[in-house]
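As stored in run-v5.cif (mmCIF, C-alpha atoms):
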data_target
loop_
_atom_site.group_PDB
_atom_site.id
_atom_site.type_symbol
_atom_site.label_atom_id
_atom_site.label_comp_id
_atom_site.auth_asym_id
_atom_site.auth_seq_id
_atom_site.Cartn_x
_atom_site.Cartn_y
_atom_site.Cartn_z
ATOM 1 C CA MET A 10 -32.193 12.319 178.629
ATOM 2 C CA THR A 11 -30.247 9.046 178.613
ATOM 3 C CA HIS A 12 -29.470 7.414 175.272
ATOM 4 C CA ILE A 13 -28.672 3.785 174.506
ATOM 5 C CA LEU A 14 -25.413 4.102 172.631
ATOM 6 C CA PRO A 15 -24.942 1.940 169.518
ATOM 7 C CA ALA A 16 -21.647 0.132 169.010
ATOM 8 C CA THR A 17 -19.298 1.970 166.601
ATOM 9 C CA LEU A 18 -15.937 1.627 164.951
ATOM 10 C CA LEU A 19 -14.640 5.122 165.720
ATOM 11 C CA ALA A 20 -11.206 3.807 166.686
ATOM 12 C CA ALA A 21 -10.772 2.559 163.131
ATOM 13 C CA VAL A 22 -12.042 5.858 161.761
ATOM 14 C CA ALA A 23 -9.446 7.757 163.782
ATOM 15 C CA ILE A 24 -6.548 6.135 161.938
ATOM 16 C CA ALA A 25 -8.153 5.944 158.484
ATOM 17 C CA ALA A 26 -8.311 8.539 155.731
ATOM 18 C CA LEU A 27 -10.474 11.619 156.188
ATOM 19 C CA PRO A 28 -14.049 10.585 157.056
ATOM 20 C CA SER A 29 -16.590 10.156 154.310
ATOM 21 C CA VAL A 30 -19.170 12.843 153.639
ATOM 22 C CA SER A 31 -21.326 10.634 151.423
ATOM 23 C CA SER A 32 -24.603 9.071 152.488
ATOM 24 C CA ALA A 33 -24.630 6.400 155.219
ATOM 25 C CA GLN A 34 -27.225 3.774 156.055
ATOM 26 C CA GLY A 35 -29.628 4.974 158.725
ATOM 27 C CA PHE A 36 -28.694 8.660 158.467
ATOM 28 C CA GLN A 37 -31.238 10.980 156.896
ATOM 29 C CA LYS A 38 -30.022 14.450 156.051
ATOM 30 C CA PRO A 39 -32.125 17.195 157.651
ATOM 31 C CA ASP A 40 -35.022 18.556 155.624
ATOM 32 C CA PRO A 41 -34.008 22.140 154.661
ATOM 33 C CA ASP A 42 -37.550 23.329 155.384
ATOM 34 C CA LYS A 43 -37.645 21.999 158.960
ATOM 35 C CA TRP A 44 -36.128 23.099 162.257
ATOM 36 C CA TYR A 45 -34.127 20.693 164.419
ATOM 37 C CA ARG A 46 -32.762 20.652 167.945
ATOM 38 C CA LEU A 47 -29.148 19.409 167.995
ATOM 39 C CA GLU A 48 -28.786 17.340 171.145
ATOM 40 C CA THR A 49 -25.441 15.915 172.224
ATOM 41 C CA ARG A 50 -25.145 12.138 172.396
ATOM 42 C CA TYR A 51 -22.690 12.370 175.297
ATOM 43 C CA ASN A 52 -23.672 9.748 177.863
ATOM 44 C CA GLY A 53 -21.250 10.401 180.716
ATOM 45 C CA THR A 54 -21.924 11.825 184.152
ATOM 46 C CA ASP A 55 -21.327 15.576 183.892
ATOM 47 C CA ILE A 56 -23.848 18.261 182.968
ATOM 48 C CA ARG A 57 -23.359 17.784 179.228
ATOM 49 C CA GLN A 58 -25.848 14.932 179.200
ATOM 50 C CA GLY A 59 -28.960 15.934 177.257
ATOM 51 C CA ARG A 60 -27.714 19.454 176.466
ATOM 52 C CA CYS A 61 -28.166 21.010 173.044
ATOM 53 C CA ILE A 62 -26.659 23.729 170.863
ATOM 54 C CA GLU A 63 -28.047 27.175 171.631
ATOM 55 C CA TYR A 64 -27.345 30.524 169.995
ATOM 56 C CA PHE A 65 -26.626 33.138 172.667
ATOM 57 C CA PRO A 66 -27.413 36.627 171.294
ATOM 58 C CA GLU A 67 -25.728 39.940 172.000
ATOM 59 C CA GLY A 68 -26.114 40.920 175.673
ATOM 60 C CA SER A 69 -26.274 37.339 176.921
ATOM 61 C CA ALA A 70 -23.711 35.301 178.868
ATOM 62 C CA HIS A 71 -21.983 34.241 175.618
ATOM 63 C CA PRO A 72 -22.737 37.062 173.142
ATOM 64 C CA ASP A 73 -23.104 35.967 169.499
ATOM 65 C CA LEU A 74 -21.705 32.500 170.243
ATOM 66 C CA LEU A 75 -22.913 28.913 170.132
ATOM 67 C CA TRP A 76 -22.904 27.270 173.562
ATOM 68 C CA SER A 77 -24.439 24.171 175.119
ATOM 69 C CA ALA A 78 -27.587 24.592 177.207
ATOM 70 C CA ASP A 79 -30.322 22.588 178.883
ATOM 71 C CA GLN A 80 -33.264 21.926 176.584
ATOM 72 C CA LEU A 81 -36.179 24.345 176.830
ATOM 73 C CA ASP A 82 -39.818 23.378 176.434
ATOM 74 C CA THR A 83 -41.191 24.383 173.018
ATOM 75 C CA THR A 84 -43.778 26.586 174.775
ATOM 76 C CA ASN A 85 -40.905 28.813 175.948
ATOM 77 C CA PRO A 86 -40.289 31.573 173.349
ATOM 78 C CA ASP A 87 -36.548 31.298 173.986
ATOM 79 C CA SER A 88 -36.604 27.731 172.647
ATOM 80 C CA ASP A 89 -36.241 29.252 169.171
ATOM 81 C CA TYR A 90 -32.578 29.844 170.049
ATOM 82 C CA GLN A 91 -32.178 26.055 170.220
ATOM 83 C CA TYR A 92 -33.599 25.161 166.818
ATOM 84 C CA TRP A 93 -31.633 24.987 163.587
ATOM 85 C CA ARG A 94 -32.184 24.654 159.877
ATOM 86 C CA PHE A 95 -29.582 23.431 157.381
ATOM 87 C CA GLU A 96 -29.831 25.252 154.057
ATOM 88 C CA PRO A 97 -27.952 23.540 151.202
ATOM 89 C CA SER A 98 -25.712 25.590 148.945
ATOM 90 C CA PRO A 99 -27.247 26.228 145.515
ATOM 91 C CA ASP A 100 -23.879 25.262 143.994
ATOM 92 C CA ASN A 101 -22.966 22.282 146.207
ATOM 93 C CA PRO A 102 -25.766 20.260 147.864
ATOM 94 C CA ASP A 103 -23.257 18.668 150.280
ATOM 95 C CA ARG A 104 -22.402 22.039 151.866
ATOM 96 C CA TYR A 105 -24.819 23.793 154.201
ATOM 97 C CA ALA A 106 -25.552 27.018 156.019
ATOM 98 C CA MET A 107 -26.492 26.518 159.693
ATOM 99 C CA ILE A 108 -29.355 28.905 160.554
ATOM 100 C CA CYS A 109 -30.979 29.572 163.942
ATOM 101 C CA LYS A 110 -34.766 29.941 164.162
ATOM 102 C CA ALA A 111 -34.415 32.923 166.513
ATOM 103 C CA ALA A 112 -32.324 34.831 163.921
ATOM 104 C CA PRO A 113 -33.265 33.301 160.554
ATOM 105 C CA ASP A 114 -31.621 36.062 158.506
ATOM 106 C CA GLY A 115 -28.214 35.137 159.952
ATOM 107 C CA TYR A 116 -26.031 32.032 159.966
ATOM 108 C CA VAL A 117 -23.196 30.372 161.866
ATOM 109 C CA ASN A 118 -19.787 31.458 160.593
ATOM 110 C CA PRO A 119 -18.283 28.197 159.246
ATOM 111 C CA VAL A 120 -14.800 29.367 160.276
ATOM 112 C CA PRO A 121 -14.363 28.863 164.044
ATOM 113 C CA SER A 122 -11.936 30.971 166.029
ATOM 114 C CA PRO A 123 -9.367 29.571 166.567
ATOM 115 C CA LEU A 124 -8.939 26.215 164.775
ATOM 116 C CA SER A 125 -8.236 24.211 167.948
ATOM 117 C CA ALA A 126 -9.949 22.785 171.014
ATOM 118 C CA ASP A 127 -10.426 26.400 172.149
ATOM 119 C CA ALA A 128 -12.536 27.133 169.082
ATOM 120 C CA ARG A 129 -15.698 29.175 169.375
ATOM 121 C CA TRP A 130 -18.482 29.347 166.790
ATOM 122 C CA HIS A 131 -19.841 32.831 166.046
ATOM 123 C CA TYR A 132 -23.305 33.651 164.756
ATOM 124 C CA VAL A 133 -23.422 36.278 162.009
ATOM 125 C CA THR A 134 -26.606 38.314 162.372
ATOM 126 C CA THR A 135 -25.670 41.055 159.875
ATOM 127 C CA PRO A 136 -23.442 39.845 157.028
ATOM 128 C CA ALA A 137 -20.845 42.347 155.834
ATOM 129 C CA ALA A 138 -21.733 44.199 152.636
ATOM 130 C CA ASP A 139 -18.742 42.662 150.843
ATOM 131 C CA ALA A 140 -19.330 39.122 152.167
ATOM 132 C CA SER A 141 -19.589 36.399 149.551
ATOM 133 C CA ALA A 142 -22.992 34.774 149.280
ATOM 134 C CA GLU A 143 -21.200 31.420 149.443
ATOM 135 C CA SER A 144 -19.317 32.235 152.649
ATOM 136 C CA LYS A 145 -22.096 30.827 154.848
ATOM 137 C CA TYR A 146 -22.278 27.430 153.117
ATOM 138 C CA GLY A 147 -19.399 25.754 154.900
ATOM 139 C CA PHE A 148 -20.824 22.913 156.985
ATOM 140 C CA THR A 149 -20.866 19.266 156.006
ATOM 141 C CA PHE A 150 -22.168 16.040 157.557
ATOM 142 C CA VAL A 151 -19.480 13.448 158.357
ATOM 143 C CA THR A 152 -21.611 10.408 157.701
ATOM 144 C CA SER A 153 -18.915 7.937 158.719
ATOM 145 C CA LEU A 154 -19.863 9.169 162.216
ATOM 146 C CA SER A 155 -23.621 8.879 161.853
ATOM 147 C CA GLY A 156 -26.587 6.598 162.315
ATOM 148 C CA THR A 157 -30.026 6.313 163.899
ATOM 149 C CA ASP A 158 -30.413 6.737 167.648
ATOM 150 C CA SER A 159 -31.943 3.595 169.151
ATOM 151 C CA ASP A 160 -33.711 5.582 171.879
ATOM 152 C CA THR A 161 -35.262 8.491 169.960
ATOM 153 C CA GLY A 162 -35.269 7.104 166.400
ATOM 154 C CA ALA A 163 -33.631 10.345 165.254
ATOM 155 C CA SER A 164 -30.764 10.580 162.805
ATOM 156 C CA TYR A 165 -27.440 11.755 164.182
ATOM 157 C CA CYS A 166 -24.248 12.844 162.508
ATOM 158 C CA ALA A 167 -20.941 14.574 163.147
ATOM 159 C CA ILE A 168 -20.774 18.164 161.881
ATOM 160 C CA ALA A 169 -17.620 19.702 160.437
ATOM 161 C CA THR A 170 -16.233 22.007 157.751
ATOM 162 C CA ASP A 171 -13.578 21.334 155.143
ATOM 163 C CA ALA A 172 -10.961 23.107 157.264
ATOM 164 C CA THR A 173 -11.851 21.268 160.477
ATOM 165 C CA LEU A 174 -11.938 17.921 158.649
ATOM 166 C CA GLU A 175 -8.348 18.505 157.539
ATOM 167 C CA LYS A 176 -7.415 18.804 161.228
ATOM 168 C CA ARG A 177 -9.709 15.845 162.054
ATOM 169 C CA TYR A 178 -11.882 18.049 164.271
ATOM 170 C CA TYR A 179 -15.661 17.895 164.732
ATOM 171 C CA MET A 180 -18.205 20.255 166.279
ATOM 172 C CA ASN A 181 -18.233 19.251 169.939
ATOM 173 C CA CYS A 182 -20.028 19.746 173.247
ATOM 174 C CA GLY A 183 -17.063 20.783 175.402
ATOM 175 C CA ASP A 184 -16.442 19.694 178.977
ATOM 176 C CA ALA A 185 -15.802 21.717 182.144
ATOM 177 C CA LYS A 186 -12.371 22.814 180.873
ATOM 178 C CA GLN A 187 -14.185 24.563 178.014
ATOM 179 C CA ASP A 188 -17.023 25.768 180.260
ATOM 180 C CA TYR A 189 -19.315 23.448 178.226
ATOM 181 C CA ALA A 190 -18.920 25.587 175.117
ATOM 182 C CA ILE A 191 -19.604 24.299 171.627
ATOM 183 C CA ASN A 192 -16.043 23.891 170.395
ATOM 184 C CA LEU A 193 -13.963 21.395 168.405
ATOM 185 C CA SER A 194 -12.963 17.862 169.357
ATOM 186 C CA TYR A 195 -10.267 15.681 167.835
ATOM 187 C CA ALA A 196 -11.185 12.382 166.145
ATOM 188 C CA THR A 197 -9.343 10.321 168.773
ATOM 189 C CA SER A 198 -11.734 11.434 171.530
ATOM 190 C CA SER A 199 -12.970 8.500 173.600
ATOM 191 C CA ASP A 200 -15.504 6.266 171.871
ATOM 192 C CA GLU A 201 -17.570 6.245 175.055
ATOM 193 C CA THR A 202 -18.305 9.974 174.987
ATOM 194 C CA ASN A 203 -19.406 10.391 171.360
ATOM 195 C CA GLU A 204 -19.509 14.022 172.311
ATOM 196 C CA TRP A 205 -19.236 15.343 168.766
ATOM 197 C CA LEU A 206 -22.390 13.550 167.630
ATOM 198 C CA PHE A 207 -25.699 15.411 167.635
ATOM 199 C CA ASN A 208 -29.221 14.053 167.264
ATOM 200 C CA PHE A 209 -31.399 15.786 164.713
ATOM 201 C CA ILE A 210 -34.596 16.160 166.744
ATOM 202 C CA GLU A 211 -37.299 17.721 164.572
ATOM 203 C CA ARG A 212 -39.252 20.558 166.128
ATOM 204 C CA TYR A 213 -42.832 19.758 167.009
ATOM 205 C CA ASP A 214 -44.680 23.031 167.547
ATOM 206 C CA PRO A 215 -47.990 22.479 169.373
ATOM 207 C CA THR A 216 -49.374 25.771 168.002
ATOM 208 C CA THR A 217 -48.460 25.621 164.288
ATOM 209 C CA GLY A 218 -47.906 23.051 161.589
ATOM 210 C CA ILE A 219 -49.761 20.228 163.353
ATOM 211 C CA ALA A 220 -53.377 19.175 162.828
ATOM 212 C CA GLU A 221 -56.027 19.591 165.496
ATOM 213 C CA ILE A 222 -56.174 17.028 168.292
ATOM 214 C CA SER A 223 -57.780 13.762 167.234
ATOM 215 C CA GLU A 224 -58.340 10.384 168.801
ATOM 216 C CA TYR A 225 -55.580 7.762 168.652
ATOM 217 C CA ASP A 226 -55.810 5.765 165.430
ATOM 218 C CA THR A 227 -55.307 2.113 166.389
ATOM 219 C CA SER A 228 -55.074 1.038 162.712
ATOM 220 C CA ASP A 229 -51.341 1.819 162.757
ATOM 221 C CA PRO A 230 -50.146 0.478 166.134
ATOM 222 C CA ASP A 231 -46.467 0.578 165.066
ATOM 223 C CA ALA A 232 -46.412 4.313 164.272
ATOM 224 C CA PRO A 233 -43.762 6.111 166.405
ATOM 225 C CA ILE A 234 -45.149 8.237 169.236
ATOM 226 C CA TYR A 235 -43.564 11.530 170.366
ATOM 227 C CA ASP A 236 -44.259 13.896 173.233
ATOM 228 C CA LEU A 237 -44.733 17.631 172.596
ATOM 229 C CA MET A 238 -40.965 18.184 172.891
ATOM 230 C CA GLY A 239 -40.307 15.790 170.014
ATOM 231 C CA ARG A 240 -38.987 12.942 172.184
ATOM 232 C CA ARG A 241 -39.987 9.429 171.225
ATOM 233 C CA VAL A 242 -42.201 7.683 173.792
ATOM 234 C CA THR A 243 -42.407 3.909 174.081
ATOM 235 C CA ASN A 244 -44.969 3.608 176.896
ATOM 236 C CA PRO A 245 -47.307 6.612 176.687
ATOM 237 C CA SER A 246 -49.715 7.368 179.497
ATOM 238 C CA HIS A 247 -52.792 9.600 179.266
ATOM 239 C CA GLY A 248 -52.037 12.903 177.541
ATOM 240 C CA ILE A 249 -51.362 14.636 174.218
ATOM 241 C CA TYR A 250 -48.822 13.105 171.823
ATOM 242 C CA ILE A 251 -47.608 13.487 168.240
ATOM 243 C CA ILE A 252 -48.334 10.524 165.938
ATOM 244 C CA ASN A 253 -47.821 10.718 162.164
ATOM 245 C CA GLY A 254 -47.426 14.498 162.433
ATOM 246 C CA LYS A 255 -50.729 14.988 164.298
ATOM 247 C CA LYS A 256 -51.615 15.809 167.884
ATOM 248 C CA VAL A 257 -53.618 12.972 169.368
ATOM 249 C CA ALA A 258 -55.264 12.409 172.729
ATOM 250 C CA MET A 259 -54.559 9.135 174.506
#

Please express what this file holds, its structure, as structure tokens.
Amino acid sequence: MTHILPATLLAAVAIAALPSVSSAQGFQKPDPDKWYRLETRYNGTDIRQGRCIEYFPEGSAHPDLLWSADQLDTTNPDSDYQYWRFEPSPDNPDRYAMICKAAPDGYVNPVPSPLSADARWHYVTTPAADASAESKYGFTFVTSLSGTDSDTGASYCAIATDATLEKRYYMNCGDAKQDYAINLSYATSSDETNEWLFNFIERYDPTTGIAEISEYDTSDPDAPIYDLMGRRVTNPSHGIYIINGKKVAM
């Protein structure tokens, strides 16, 4: 998917104080009760374009790690490995646990290994008996690197932890040198790549959570239209779409 990239001031951010984690105009924090696909906003020419964060379980090519992958259709059962929920800490609403739909009892370890461009993010499926309940709530949204995508209408934001912010690193969709892993990128990365920014694309499940198919309601012609993969559509043809949370036939 190709995105129209909004103009930013990331060069100024790179030499300023640590980025803000407060609210920013246009960015809407994810609903903790919804699942989102995290799609890279990279708009270059290699295979990163349109890829998303996927949890690779034990026995896969990247066991218990986060890696980039091509988007799967929501009718594919494995698409659950590409959807994420952000659960706020009960003690600090600006800190979150990052939870995969395919393993909802686990969470992403907020401490990458190592703290460098070679970082890898591990998924904890079975927390240790002596693990602190707060140990999973380590992620924060860097809203100075956020906004609303002009193509999809989705909110996007850089993702980091307190430790990675101190190093001015952000969760990143790595290039060929990193085998396209989800790793860390430094703040001075090229403005043109925006590779640490991820769209929050809400999951639209055609089998649950959506009303039965109805006819297109022309009384609200400006309502955004999405296909069954949650992508905004500007010129829909005949088919089934999502409008105002409902499946409609056009």

Here's the selection I'm unsure about, the PyMOL selection byres ((chain A and resi 64) around 9); applied to the file above, which residues does it give, as number ranges by chain? A: 62-63, 65-66, 71-77, 90-92, 109, 111-112, 131-132

Rounded to one decimal, what separation in Å do you get between CA of Ala126 in chain A and CA of Leu47 in chain A?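 Straight-line distance from CA of Ala126 in chain A to CA of Leu47 in chain A works out to 19.7 Å.
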
Atomic distance CA of Ile234 in chain A - CA of Gly53 in chain A, expressed in Å with one decimal: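 A separation of 26.6 Å between them.
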
May I ask for the distance between CA of Asp100 in chain A and CA of Gln37 in chain A, given in Å to one decimal place? 20.6 Å

Report the residues retrieved by the PyMOL selection byres ((chain A and resi 96) around 10) from the displayed file, expressed as a ChimeraX atom specification. /A:39-43,93-95,97-99,102,104-108,116,145-146,148

Translate the PyMOL selection byres ((chain A and resi 183-197) around 6) into a concrete residue list for this structure, as a PyMOL selection string. chain A and resi 23+75-77+126+128-129+177-182+198

Find the residues near Glu211 in chain A: any atom within 8 Å, counting all atoms listed in the file, skip ones fewer than 4 places away on the same chain, and give them as a ChimeraX atom specification. /A:43-46,239

Would you mind telling me which residue in A:Ala70, A:Arg241, A:Arg60, A:Asn52 lies nearest to Asp160 in chain A when using all atoms listed in the file?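 Closest to Asp160 in chain A, using all atoms listed in the file: A:Arg241.
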
Could you give me, as JSON, numbers by chain, the residues that sit within 12 Å of (-29.6, 5.8, 159.7) in the file's coordinates, counting all atoms listed in the file? {"A": [15, 32, 33, 34, 35, 36, 37, 38, 39, 152, 153, 154, 155, 156, 157, 158, 159, 162, 163, 164, 165, 166, 208, 209]}
